[in-house]
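Chemist: This structure is in structure tokens; I'll ask about it shortly.
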Amino acid sequence: MRDQTIAILDIGSSKICCFIAEIGPQHERPRVIGIGHRESRGLNLGTVVDMEETENAIRTAVDAAEKMAGGDPIENVTVNLSAGDPKSTQLCVEVEVAGHEINDGDIERVLDSGRHYLNDQERFVIHSRPTSFSIDGVGGVRDPKGMFGDKLGVEMHMTSASISPLRNLQTCINRCHLNMVEIVFSPYASGLSTLVADELELGSICIDMGGGVTSIAAFKDNEFIFGDMVPYGGHHVTRDIAQGLSTPLPVAERLKTLFGNCLSGVSTVRNQIDVTQIGDSGQESVTTIPRRMLTSIIEPRVEEIFEIVRDKIKAAGLENTAGRRLIITGGASQLGGVEELAKKAFKCNVRLGRPLNVDGLADTTAGAGFSTGAGLLLYAALKPEELHFMEQKKPQLGVFESISMWFKENF
Ligand SMILES: Nc1ncnc2c1ncn2[C@@H]1O[C@H](COP(=O)(O)OP(=O)(O)OP(=O)(O)O)[C@@H](O)[C@H]1O
Ligand SMILES: [Mg+2]
């Protein structure tokens with residue numbers, strides 16, 4: 001059997017990135033053979049606001065990746081989703097099985113009734129996973145196949161998004177002559193590439209701090225159990241700096257990445273920094289400011305993001321389970337002091353995450369900003385039930401919806 005080629009697109013609010021990878025016949029780790037990324041255009045908080053600009057940005061990233069991979073055009077892509085207000089829903093549904101031995105058809109039927117519940121509400125189900133089954137109201141059943149009962153119930157975790165932003169994204173991708181074969185909620189992908197086996201099993205939360213959004217995905221018992229998003233990220237920090245120091249955005253961005261820190265009270269070697277400022281009449285001048293002034297602008301914004309994330313974790317009831325261990329990734333997690341500030345804000349175990357389990361990433365694409373892309377490759381390479389670091393405990397149910405099929409049925 002030959003190696004198979006897979007491709008992904010991470011469409012973020014800062015950058016659009018395309019990875020092409022090869023996987024061996026035994027579903028070995030993806031080996032990246034083509035990389036293309038460019039500044040993102042035409043998007044706001046992951047939502048397409050200018051189709052043409054988005055299309056051009058995707059084309060440029062894909063062209064570069066294809067060239068690097070040897071020139072063959074790619075056709076199918078697995079894509080991340082941050083648009084359409086993605087939400088987690090926990091749902092319990094029951095179907096009649098009339099006393100017969102429960103078979104795969106019954107299991108599929110009960111899962112389908114859950115998915116239809118959300119599809120009926122004009123939301124598209126991106127992920128749907130059973131978390132546990134019940135027979136005649138008695139819960140905690142792991143594998144109902146072969147058992148007898150009158151009613152089969154399932155507790156499901158579903159992630160859904162509204163349909164229009166998804167359609168717009170798909171149109172842009174189609175215009176680039178690509179098929180969107182799978183769609184993955186961004187932080188879920190980031191979690192797949194940054195968490196280690198114990199974290200997936202025992203429970204932990206991946207927080208992806210991007211440019212426009214900070215998104216969260218909780219995992220436990222090797223399952224994705226909760227996801228949410230906060231519409232703030234690194235861009236907001238940059239804007240705060242630009243405003244606070246009356247400096248242009250590119251200067252603010254540079255100050256942030258070179259000297260930025262979100263922890264006040266840390267002594268730094270270089271305590272004074274030069275800032276290009278714009279005066280009332282538009283003239284530029286260079287002023288020297290204490291570095292702690294920069295920190296005092298950055299810290300409250302990052303603190304605010306962490307507070308909102310903390311409230312969401314609490315509201316989802318994950319504070320004392322998956323919420324005991326956090327893995328922070330995404331481009332904005334590279335800001336100085338993020339790990340320490342997170343430890344203070346969340347009062348739990350925190351570590352910074354980078355993409356794991358993917359070979360061939362160049363130094364520039366092996367950092368925290370590429371966790372979603374690497375996770376998309378893992379998702380595309382292996383059905384989630386087969387991820388080699390996820391011990392299979394639940395029955396194979398084929399529960400991940402095929403987006404292409406759904407789109408065919410619905411449009
Ligand atoms: N070294 C660094 N220090 C601080 N911030 C950084 C650094 N490198 C990148 N960033 C910030 O990371 C953000 C971009 O992160 P990332 O590439 O993960 O975003 P994205 O995936 O395009 O966006 P999103 O996930 O929000 O749609 C920008 O705000 C950028 O300023
Ligand atoms: Mg991102």
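Chain labels follow the order of the structure tokens: the first chain is A, the next B, and so on; residue numbering restarts at 1 in every chain, and ligands are counted from 1 in their shown order.
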If DSSP is run on the backbone, what residues of region 109-344 of chain A are strand (DSSP E)? A reply as a count of residues only would be ideal.
Modeler: 76
Chemist: Throw together the list of residues within 6 Å of ligand 1, counting only C-alpha atoms and all ligand atoms, and drop it here as a ChimeraX atom specification.
Modeler: /A:12-15,45-46,210-213,234-235,253,256-257,330-332,334-335,369
Chemist: Identify all residues of region 89-267 of chain A in helix (DSSP H, G or I) (DSSP on the backbone) and supply them as a PDB file with C-alpha atoms, in the first residue's frame.
Modeler:
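Result file follows (out.pdb):
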```
ATOM      1  CA  ASP A 104     -25.630  -1.282  15.431  1.00  0.00           C
ATOM      2  CA  GLY A 105     -28.787  -0.005  13.708  1.00  0.00           C
ATOM      3  CA  ASP A 106     -30.395   0.878  17.066  1.00  0.00           C
ATOM      4  CA  ILE A 107     -27.259   2.681  18.182  1.00  0.00           C
ATOM      5  CA  GLU A 108     -27.077   4.652  14.950  1.00  0.00           C
ATOM      6  CA  ARG A 109     -30.824   5.480  15.279  1.00  0.00           C
ATOM      7  CA  VAL A 110     -30.476   6.938  18.778  1.00  0.00           C
ATOM      8  CA  LEU A 111     -27.422   8.969  17.747  1.00  0.00           C
ATOM      9  CA  ASP A 112     -29.234  10.232  14.649  1.00  0.00           C
ATOM     10  CA  SER A 113     -32.182  11.459  16.671  1.00  0.00           C
ATOM     11  CA  GLY A 114     -29.761  13.539  18.742  1.00  0.00           C
ATOM     12  CA  ARG A 115     -28.115  15.031  15.659  1.00  0.00           C
ATOM     13  CA  HIS A 116     -31.436  15.869  14.056  1.00  0.00           C
ATOM     14  CA  TYR A 117     -32.463  17.772  17.135  1.00  0.00           C
ATOM     15  CA  LEU A 118     -29.775  20.376  16.414  1.00  0.00           C
ATOM     16  CA  ASN A 119     -30.015  20.241  12.627  1.00  0.00           C
ATOM     17  CA  ILE A 163     -25.053  27.378   8.879  1.00  0.00           C
ATOM     18  CA  SER A 164     -24.533  30.629   6.931  1.00  0.00           C
ATOM     19  CA  PRO A 165     -20.921  31.351   8.001  1.00  0.00           C
ATOM     20  CA  LEU A 166     -20.114  27.740   7.214  1.00  0.00           C
ATOM     21  CA  ARG A 167     -21.576  28.084   3.752  1.00  0.00           C
ATOM     22  CA  ASN A 168     -19.518  31.211   3.108  1.00  0.00           C
ATOM     23  CA  LEU A 169     -16.367  29.434   4.187  1.00  0.00           C
ATOM     24  CA  GLN A 170     -17.192  26.466   2.008  1.00  0.00           C
ATOM     25  CA  THR A 171     -17.867  28.719  -0.994  1.00  0.00           C
ATOM     26  CA  CYS A 172     -14.427  30.362  -0.634  1.00  0.00           C
ATOM     27  CA  ILE A 173     -12.781  26.947  -0.425  1.00  0.00           C
ATOM     28  CA  ASN A 174     -14.718  25.613  -3.428  1.00  0.00           C
ATOM     29  CA  ARG A 175     -13.750  28.662  -5.460  1.00  0.00           C
ATOM     30  CA  SER A 186     -10.465  24.841  16.088  1.00  0.00           C
ATOM     31  CA  PRO A 187      -9.651  24.200  19.782  1.00  0.00           C
ATOM     32  CA  TYR A 188     -10.513  20.514  19.395  1.00  0.00           C
ATOM     33  CA  ALA A 189      -7.812  20.298  16.719  1.00  0.00           C
ATOM     34  CA  SER A 190      -5.375  22.246  18.934  1.00  0.00           C
ATOM     35  CA  GLY A 191      -6.074  19.841  21.794  1.00  0.00           C
ATOM     36  CA  LEU A 192      -5.402  16.818  19.588  1.00  0.00           C
ATOM     37  CA  SER A 193      -1.931  18.076  18.736  1.00  0.00           C
ATOM     38  CA  THR A 194      -0.852  19.471  22.117  1.00  0.00           C
ATOM     39  CA  ALA A 197      -2.090  10.617  26.495  1.00  0.00           C
ATOM     40  CA  ASP A 198      -2.537  11.118  30.255  1.00  0.00           C
ATOM     41  CA  GLU A 199      -4.074  14.534  29.778  1.00  0.00           C
ATOM     42  CA  LEU A 200      -6.608  13.182  27.292  1.00  0.00           C
ATOM     43  CA  GLU A 201      -7.477  10.302  29.564  1.00  0.00           C
ATOM     44  CA  LEU A 202      -7.530  11.951  33.001  1.00  0.00           C
ATOM     45  CA  GLY A 234      -3.686  38.751  20.701  1.00  0.00           C
ATOM     46  CA  HIS A 235      -5.080  41.414  18.330  1.00  0.00           C
ATOM     47  CA  HIS A 236      -6.890  43.021  21.232  1.00  0.00           C
ATOM     48  CA  VAL A 237      -3.666  43.201  23.215  1.00  0.00           C
ATOM     49  CA  THR A 238      -1.966  44.885  20.225  1.00  0.00           C
ATOM     50  CA  ARG A 239      -4.837  47.360  19.860  1.00  0.00           C
ATOM     51  CA  ASP A 240      -4.669  48.219  23.562  1.00  0.00           C
ATOM     52  CA  ILE A 241      -0.941  48.933  23.209  1.00  0.00           C
ATOM     53  CA  ALA A 242      -1.483  51.076  20.095  1.00  0.00           C
ATOM     54  CA  GLN A 243      -4.147  53.083  21.888  1.00  0.00           C
ATOM     55  CA  GLY A 244      -2.398  53.312  25.229  1.00  0.00           C
ATOM     56  CA  LEU A 249      -0.477  49.052  15.084  1.00  0.00           C
ATOM     57  CA  PRO A 250       2.677  47.563  13.470  1.00  0.00           C
ATOM     58  CA  VAL A 251       4.831  49.282  16.125  1.00  0.00           C
ATOM     59  CA  ALA A 252       2.496  48.038  18.870  1.00  0.00           C
ATOM     60  CA  GLU A 253       2.719  44.489  17.474  1.00  0.00           C
ATOM     61  CA  ARG A 254       6.520  44.690  17.450  1.00  0.00           C
ATOM     62  CA  LEU A 255       6.669  46.042  21.001  1.00  0.00           C
ATOM     63  CA  LYS A 256       4.362  43.259  22.140  1.00  0.00           C
ATOM     64  CA  THR A 257       6.362  40.410  20.616  1.00  0.00           C
ATOM     65  CA  LEU A 258       9.775  41.843  21.524  1.00  0.00           C
ATOM     66  CA  PHE A 259       9.186  43.317  24.979  1.00  0.00           C
TER      67      PHE A 259
END
```
Chemist: So, counting only C-alpha atoms and all ligand atoms, which residue among A:Phe370, A:Tyr232, A:Phe148, A:Phe346 is closest to ligand 2?
Modeler: A:Phe370
Chemist: Restricting the calculation to only C-alpha atoms and all ligand atoms, which member of A:Gln272, A:Ser296, A:Ser246, A:Asn80 is positioned closest to ligand 2?
Modeler: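 Between A:Gln272, A:Ser296, A:Ser246, A:Asn80, the residue approaching ligand 2 most closely is A:Asn80.
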Chemist: From the options A:Thr288, A:Thr329, A:Gln277, A:Ser160, which residue's atoms come nearest to ligand 2, counting only C-alpha atoms and all ligand atoms?
Modeler: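 Of A:Thr288, A:Thr329, A:Gln277, A:Ser160, the one nearest ligand 2 is A:Thr329, counting only C-alpha atoms and all ligand atoms.
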Chemist: Could you check the closest approach to ligand 2 for each of A:Ile313, A:Leu81, A:Val125, A:Val181 and tell me which residue wins, using only C-alpha atoms and all ligand atoms?
Modeler: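 Of A:Ile313, A:Leu81, A:Val125, A:Val181, the one nearest ligand 2, counting only C-alpha atoms and all ligand atoms, is A:Leu81.
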Chemist: Ala342 (chain A): which residues within 12 Å, counting only C-alpha atoms, same-chain residues fewer than 6 positions away excluded, as a ChimeraX atom specification?
Modeler: /A:207,209,262-263,299,302-307,309-310,325-329,333,335-336,348-352
